[in-house]
Amino acid sequence: MVAKAAAKRLSAFSAVWLLIVLSVAAATTMALASGRSQREPITPLEAVPDLDPAKVALGKQLFNDPILSGKGKLACSSCHDLNAGGTVNLKRTVGYDGKMHRFNAPSIFNVANNYRLGWRGNFTSLAAQNDAVLLDPNLMASQWGPLVAKLQASNVYGAEFQQIYNRDVERNDVLDALVTFERSLTTPNSRFDQYLRGESDVISSQEKKGYELFKSYGCVSCHQGSNVGGNLFEKFGIFGDFGPNPSSDNDGDLGRWTITHDDKDKGVFRVPSLRNVEMTSPYFHDGRVASLPEAVAIMSRTQLGQVLSQDDVDAIVAFLKTLTGEYNGRLLDAPSPSGPQ
């Protein structure tokens, strides 16, 4: 009896000790992950915020519906395809009047994490940017009066706006629905996010080398934070003028100058996010470069004054591919082997 009681006490003690060991190990892992995240200039991308699902669904419906365009031919998704990295993999799209747009269409994914919006950074709110895009004659070419009337007359939209906003269709409610949907377009849980949270083995030695090079060469001075960019301005061509595309009369090459007309803003652009960058070719403000390795090599020369070896380029590209995240719980699909059109 005494031996059995002692054995039970020993078994209970062992179980408690095991729980303590496991708890300490878990706490240590969490602390290491937290410490790594706090030390690094890039931070994990958070999951989708808590949003009204009815507004998200309505915004998604509007985003994909050409009813928002003045001529009923284009939808927001015409330039921001969620099945193509949130863009369209074209150099620049062509607008209603047949004129090519000034800029390559940036990805709509993680757009709410950018402090500045648009290649010139001329918007600080999604509502203002959506409003400008809807009214631009070479983009959606709409006017609020006719657009609101169309939506109100729709058997579908009139009832949906009434149900969600408790009133007839209004401009601010259209913008609110679009913005709510766009805020849902986050791509968390990339392999690099997992690495930052403590899963050291989830990225390869080459990818880790690429990240260290990304930091040591200075790429991270512009591409940092949860969006790996999107929060400051920089001149394109610090070390040597990369210059306008010689085959184009596009004044978009002048960057923020087209807004401020200040000479110091010539060639200055918002630094883009590098989240899902393997999905979003072609690259740069006018889409002049189709290859990610070529884009890395150009950026190192023009922005950092460094000529990288092919091994270093390959390592940095390998790291950049770890930034591809998940949308609605699924990893974004790999880009088409045929590349951009």
# chains A, B, ... in the order shown; residues from 1 in each chain; ligands from 1
>>> select_by_dssp(residues="region 227-333 of chain A", states="alpha helix (DSSP H)", output="JSON, numbers by chain")
{"A": [257, 258, 259, 260, 292, 293, 294, 295, 296, 297, 298, 299, 300, 301, 302, 303, 304, 310, 311, 312, 313, 314, 315, 316, 317, 318, 319, 320, 321]}
>>> select_by_dssp(residues="region 97-341 of chain A", states="strand (DSSP E)", output="list in words")
Phe233, Glu234, Lys235, Val268, Phe269, Arg270, Glu326, Tyr327, Arg330 and Leu331 of chain A
>>> residues_around(residues="region 123-129 of chain A", least_positions_apart="2", cutoff="10 Å", atoms="only C-alpha atoms", output="PyMOL selection string")
chain A and resi 111-112+114-121+131-134+172+174-180+182-183
>>> write_last_selection(atoms="N, CA and C atoms", output="PDB file, in the first residue's frame")
ATOM      1  N   VAL A 111      -3.318  47.037 -48.964  1.00  0.00           N
ATOM      2  CA  VAL A 111      -3.310  48.469 -49.259  1.00  0.00           C
ATOM      3  C   VAL A 111      -3.585  49.310 -48.021  1.00  0.00           C
ATOM      4  N   ALA A 112      -4.370  48.778 -47.093  1.00  0.00           N
ATOM      5  CA  ALA A 112      -4.693  49.554 -45.896  1.00  0.00           C
ATOM      6  C   ALA A 112      -3.492  49.726 -44.976  1.00  0.00           C
ATOM      7  N   ASN A 114      -0.538  50.694 -46.041  1.00  0.00           N
ATOM      8  CA  ASN A 114       0.312  51.754 -46.576  1.00  0.00           C
ATOM      9  C   ASN A 114      -0.091  53.088 -45.975  1.00  0.00           C
ATOM     10  N   TYR A 115       0.886  53.831 -45.480  1.00  0.00           N
ATOM     11  CA  TYR A 115       0.580  55.163 -44.951  1.00  0.00           C
ATOM     12  C   TYR A 115       0.210  56.117 -46.082  1.00  0.00           C
ATOM     13  N   ARG A 116       0.915  56.005 -47.198  1.00  0.00           N
ATOM     14  CA  ARG A 116       0.627  56.796 -48.393  1.00  0.00           C
ATOM     15  C   ARG A 116       0.120  55.872 -49.488  1.00  0.00           C
ATOM     16  N   LEU A 117      -0.746  56.420 -50.344  1.00  0.00           N
ATOM     17  CA  LEU A 117      -1.378  55.609 -51.387  1.00  0.00           C
ATOM     18  C   LEU A 117      -1.091  56.205 -52.756  1.00  0.00           C
ATOM     19  N   GLY A 118      -0.972  55.348 -53.750  1.00  0.00           N
ATOM     20  CA  GLY A 118      -0.654  55.799 -55.099  1.00  0.00           C
ATOM     21  C   GLY A 118       0.846  55.956 -55.266  1.00  0.00           C
ATOM     22  N   TRP A 119       1.326  55.859 -56.500  1.00  0.00           N
ATOM     23  CA  TRP A 119       2.759  55.970 -56.750  1.00  0.00           C
ATOM     24  C   TRP A 119       3.316  57.324 -56.324  1.00  0.00           C
ATOM     25  N   ARG A 120       2.495  58.350 -56.377  1.00  0.00           N
ATOM     26  CA  ARG A 120       2.965  59.683 -55.954  1.00  0.00           C
ATOM     27  C   ARG A 120       2.628  59.971 -54.500  1.00  0.00           C
ATOM     28  N   GLY A 121       1.988  59.028 -53.847  1.00  0.00           N
ATOM     29  CA  GLY A 121       1.664  59.207 -52.440  1.00  0.00           C
ATOM     30  C   GLY A 121       0.741  60.367 -52.172  1.00  0.00           C
ATOM     31  N   ASP A 131     -12.501  57.726 -54.232  1.00  0.00           N
ATOM     32  CA  ASP A 131     -13.284  58.816 -54.802  1.00  0.00           C
ATOM     33  C   ASP A 131     -12.602  59.357 -56.053  1.00  0.00           C
ATOM     34  N   ALA A 132     -11.287  59.576 -55.985  1.00  0.00           N
ATOM     35  CA  ALA A 132     -10.546  60.109 -57.129  1.00  0.00           C
ATOM     36  C   ALA A 132     -10.539  59.133 -58.299  1.00  0.00           C
ATOM     37  N   VAL A 133     -10.368  57.859 -58.002  1.00  0.00           N
ATOM     38  CA  VAL A 133     -10.349  56.846 -59.070  1.00  0.00           C
ATOM     39  C   VAL A 133     -11.704  56.760 -59.762  1.00  0.00           C
ATOM     40  N   LEU A 134     -12.772  56.795 -59.001  1.00  0.00           N
ATOM     41  CA  LEU A 134     -14.112  56.718 -59.601  1.00  0.00           C
ATOM     42  C   LEU A 134     -14.397  57.901 -60.510  1.00  0.00           C
ATOM     43  N   ASN A 172     -21.120  58.481 -49.554  1.00  0.00           N
ATOM     44  CA  ASN A 172     -20.239  58.054 -48.467  1.00  0.00           C
ATOM     45  C   ASN A 172     -20.398  56.572 -48.140  1.00  0.00           C
ATOM     46  N   VAL A 174     -21.189  54.201 -50.382  1.00  0.00           N
ATOM     47  CA  VAL A 174     -20.499  53.476 -51.453  1.00  0.00           C
ATOM     48  C   VAL A 174     -19.011  53.407 -51.134  1.00  0.00           C
ATOM     49  N   LEU A 175     -18.437  54.541 -50.757  1.00  0.00           N
ATOM     50  CA  LEU A 175     -17.018  54.576 -50.415  1.00  0.00           C
ATOM     51  C   LEU A 175     -16.729  53.724 -49.186  1.00  0.00           C
ATOM     52  N   ASP A 176     -17.620  53.760 -48.214  1.00  0.00           N
ATOM     53  CA  ASP A 176     -17.420  52.976 -46.993  1.00  0.00           C
ATOM     54  C   ASP A 176     -17.403  51.481 -47.299  1.00  0.00           C
ATOM     55  N   ALA A 177     -18.299  51.027 -48.158  1.00  0.00           N
ATOM     56  CA  ALA A 177     -18.341  49.604 -48.512  1.00  0.00           C
ATOM     57  C   ALA A 177     -17.063  49.198 -49.254  1.00  0.00           C
ATOM     58  N   LEU A 178     -16.624  50.012 -50.202  1.00  0.00           N
ATOM     59  CA  LEU A 178     -15.396  49.710 -50.939  1.00  0.00           C
ATOM     60  C   LEU A 178     -14.191  49.663 -50.002  1.00  0.00           C
ATOM     61  N   VAL A 179     -14.087  50.659 -49.127  1.00  0.00           N
ATOM     62  CA  VAL A 179     -12.955  50.718 -48.206  1.00  0.00           C
ATOM     63  C   VAL A 179     -12.964  49.532 -47.246  1.00  0.00           C
ATOM     64  N   THR A 180     -14.132  49.159 -46.760  1.00  0.00           N
ATOM     65  CA  THR A 180     -14.219  48.024 -45.837  1.00  0.00           C
ATOM     66  C   THR A 180     -13.734  46.750 -46.508  1.00  0.00           C
ATOM     67  N   GLU A 182     -11.632  46.595 -49.081  1.00  0.00           N
ATOM     68  CA  GLU A 182     -10.198  46.729 -49.337  1.00  0.00           C
ATOM     69  C   GLU A 182      -9.377  46.525 -48.054  1.00  0.00           C
ATOM     70  N   ARG A 183      -9.921  46.896 -46.932  1.00  0.00           N
ATOM     71  CA  ARG A 183      -9.232  46.655 -45.656  1.00  0.00           C
ATOM     72  C   ARG A 183      -9.156  45.164 -45.324  1.00  0.00           C
TER      73      ARG A 183
END
>>> closest_residue(among="A:Pro282, A:Gly229, A:Gly255, A:Gly70", to="Lys91 (chain A)", atoms="only C-alpha atoms")
A:Pro282
>>> residues_around(residues="region 61-63 of chain A", least_positions_apart="3", cutoff="10 Å", atoms="only C-alpha atoms", output="ChimeraX atom specification")
/A:55-58,66-68,75-78,80,151,157,174-175,177-179,181-182
>>> write_last_selection(atoms="all heavy atoms", output="compact mmCIF listing (two decimals), in the first residue's frame")
# COMPACT_ATOMS: atom_id res chain seq x y z
N LYS A 55 -20.74 44.50 -44.93
CA LYS A 55 -20.09 45.57 -45.69
C LYS A 55 -18.97 45.02 -46.56
O LYS A 55 -18.77 45.47 -47.69
CB LYS A 55 -19.55 46.63 -44.74
CG LYS A 55 -20.62 47.46 -44.05
CD LYS A 55 -19.99 48.55 -43.19
CE LYS A 55 -21.05 49.41 -42.52
NZ LYS A 55 -20.43 50.49 -41.69
N VAL A 56 -18.23 44.03 -46.04
CA VAL A 56 -17.18 43.40 -46.83
C VAL A 56 -17.78 42.76 -48.08
O VAL A 56 -17.26 42.92 -49.19
CB VAL A 56 -16.41 42.35 -46.01
CG1 VAL A 56 -15.45 41.54 -46.90
CG2 VAL A 56 -15.63 43.02 -44.88
N ALA A 57 -18.86 42.04 -47.92
CA ALA A 57 -19.51 41.36 -49.05
C ALA A 57 -20.04 42.37 -50.06
O ALA A 57 -19.90 42.18 -51.28
CB ALA A 57 -20.64 40.47 -48.54
N LEU A 58 -20.64 43.46 -49.58
CA LEU A 58 -21.14 44.48 -50.49
C LEU A 58 -19.99 45.16 -51.22
O LEU A 58 -20.06 45.38 -52.44
CB LEU A 58 -21.95 45.52 -49.71
CG LEU A 58 -22.46 46.74 -50.50
CD1 LEU A 58 -23.33 46.30 -51.68
CD2 LEU A 58 -23.22 47.70 -49.58
N PRO A 66 -18.83 46.33 -63.05
CA PRO A 66 -18.62 47.50 -63.91
C PRO A 66 -19.70 48.57 -63.77
O PRO A 66 -19.60 49.63 -64.40
CB PRO A 66 -18.60 46.90 -65.33
CG PRO A 66 -19.25 45.57 -65.21
CD PRO A 66 -19.00 45.09 -63.82
N ILE A 67 -20.69 48.34 -62.93
CA ILE A 67 -21.71 49.37 -62.71
C ILE A 67 -21.08 50.64 -62.13
O ILE A 67 -21.62 51.74 -62.30
CB ILE A 67 -22.83 48.86 -61.77
CG1 ILE A 67 -24.05 49.78 -61.83
CG2 ILE A 67 -22.32 48.73 -60.34
CD1 ILE A 67 -25.26 49.23 -61.06
N LEU A 68 -19.93 50.50 -61.48
CA LEU A 68 -19.26 51.67 -60.91
C LEU A 68 -18.62 52.57 -61.96
O LEU A 68 -18.31 53.72 -61.69
CB LEU A 68 -18.19 51.24 -59.91
CG LEU A 68 -18.64 50.63 -58.59
CD1 LEU A 68 -17.44 50.44 -57.67
CD2 LEU A 68 -19.69 51.49 -57.91
N ALA A 75 -14.36 47.44 -64.15
CA ALA A 75 -14.57 47.31 -62.71
C ALA A 75 -13.25 47.59 -62.01
O ALA A 75 -12.19 47.63 -62.66
CB ALA A 75 -15.06 45.90 -62.37
N CYS A 76 -13.28 47.78 -60.71
CA CYS A 76 -12.02 47.96 -59.97
C CYS A 76 -11.10 46.77 -60.21
O CYS A 76 -9.88 46.91 -60.33
CB CYS A 76 -12.29 48.10 -58.48
SG CYS A 76 -13.40 49.46 -58.03
N SER A 77 -11.69 45.58 -60.28
CA SER A 77 -10.91 44.36 -60.48
C SER A 77 -10.31 44.26 -61.88
O SER A 77 -9.48 43.38 -62.13
CB SER A 77 -11.78 43.13 -60.21
OG SER A 77 -12.93 43.13 -61.03
N SER A 78 -10.71 45.14 -62.79
CA SER A 78 -10.11 45.14 -64.12
C SER A 78 -8.62 45.46 -64.05
O SER A 78 -7.84 45.00 -64.88
CB SER A 78 -10.80 46.15 -65.04
OG SER A 78 -12.17 45.85 -65.21
N HIS A 80 -7.10 45.44 -60.76
CA HIS A 80 -6.63 44.85 -59.50
C HIS A 80 -7.26 43.48 -59.32
O HIS A 80 -8.21 43.29 -58.56
CB HIS A 80 -6.98 45.77 -58.33
CG HIS A 80 -6.37 47.13 -58.44
ND1 HIS A 80 -5.04 47.37 -58.21
CD2 HIS A 80 -6.92 48.33 -58.79
CE1 HIS A 80 -4.79 48.66 -58.39
NE2 HIS A 80 -5.90 49.25 -58.76
N LEU A 151 -27.17 52.85 -58.84
CA LEU A 151 -27.15 51.89 -57.74
C LEU A 151 -28.51 51.82 -57.04
O LEU A 151 -28.98 50.75 -56.67
CB LEU A 151 -26.05 52.26 -56.74
CG LEU A 151 -24.61 52.11 -57.24
CD1 LEU A 151 -23.63 52.73 -56.23
CD2 LEU A 151 -24.27 50.64 -57.47
N TYR A 157 -28.73 46.36 -55.48
CA TYR A 157 -28.00 47.31 -54.64
C TYR A 157 -28.92 48.19 -53.80
O TYR A 157 -28.59 48.52 -52.65
CB TYR A 157 -27.07 48.17 -55.49
CG TYR A 157 -25.87 47.41 -56.00
CD1 TYR A 157 -25.68 47.21 -57.37
CD2 TYR A 157 -24.94 46.88 -55.12
CE1 TYR A 157 -24.57 46.51 -57.85
CE2 TYR A 157 -23.83 46.16 -55.57
CZ TYR A 157 -23.66 45.99 -56.95
OH TYR A 157 -22.58 45.29 -57.41
N VAL A 174 -21.19 54.20 -50.38
CA VAL A 174 -20.50 53.48 -51.45
C VAL A 174 -19.01 53.41 -51.13
O VAL A 174 -18.38 52.34 -51.21
CB VAL A 174 -20.72 54.16 -52.82
CG1 VAL A 174 -19.88 53.47 -53.91
CG2 VAL A 174 -22.20 54.15 -53.20
N LEU A 175 -18.44 54.54 -50.76
CA LEU A 175 -17.02 54.58 -50.41
C LEU A 175 -16.73 53.72 -49.19
O LEU A 175 -15.72 53.02 -49.12
CB LEU A 175 -16.57 56.02 -50.17
CG LEU A 175 -16.57 56.93 -51.40
CD1 LEU A 175 -16.27 58.37 -51.01
CD2 LEU A 175 -15.55 56.44 -52.44
N ALA A 177 -18.30 51.03 -48.16
CA ALA A 177 -18.34 49.60 -48.51
C ALA A 177 -17.06 49.20 -49.25
O ALA A 177 -16.47 48.14 -48.96
CB ALA A 177 -19.57 49.31 -49.37
N LEU A 178 -16.62 50.01 -50.20
CA LEU A 178 -15.40 49.71 -50.94
C LEU A 178 -14.19 49.66 -50.00
O LEU A 178 -13.37 48.74 -50.06
CB LEU A 178 -15.16 50.75 -52.04
CG LEU A 178 -16.03 50.64 -53.29
CD1 LEU A 178 -15.85 51.88 -54.17
CD2 LEU A 178 -15.69 49.38 -54.09
N VAL A 179 -14.09 50.66 -49.13
CA VAL A 179 -12.96 50.72 -48.21
C VAL A 179 -12.96 49.53 -47.25
O VAL A 179 -11.91 48.95 -46.96
CB VAL A 179 -12.96 52.05 -47.43
CG1 VAL A 179 -11.97 52.00 -46.26
CG2 VAL A 179 -12.63 53.21 -48.36
N PHE A 181 -14.14 46.53 -47.76
CA PHE A 181 -13.65 45.37 -48.50
C PHE A 181 -12.14 45.44 -48.69
O PHE A 181 -11.42 44.46 -48.48
CB PHE A 181 -14.34 45.26 -49.85
CG PHE A 181 -13.74 44.23 -50.75
CD1 PHE A 181 -13.74 42.88 -50.40
CD2 PHE A 181 -13.13 44.60 -51.95
CE1 PHE A 181 -13.17 41.92 -51.23
CE2 PHE A 181 -12.56 43.65 -52.77
CZ PHE A 181 -12.57 42.31 -52.42
N GLU A 182 -11.63 46.60 -49.08
CA GLU A 182 -10.20 46.73 -49.34
C GLU A 182 -9.38 46.53 -48.05
O GLU A 182 -8.26 46.00 -48.10
CB GLU A 182 -9.92 48.10 -49.96
CG GLU A 182 -10.42 48.18 -51.39
CD GLU A 182 -10.46 49.58 -51.95
OE1 GLU A 182 -10.09 50.54 -51.23
OE2 GLU A 182 -10.88 49.74 -53.12
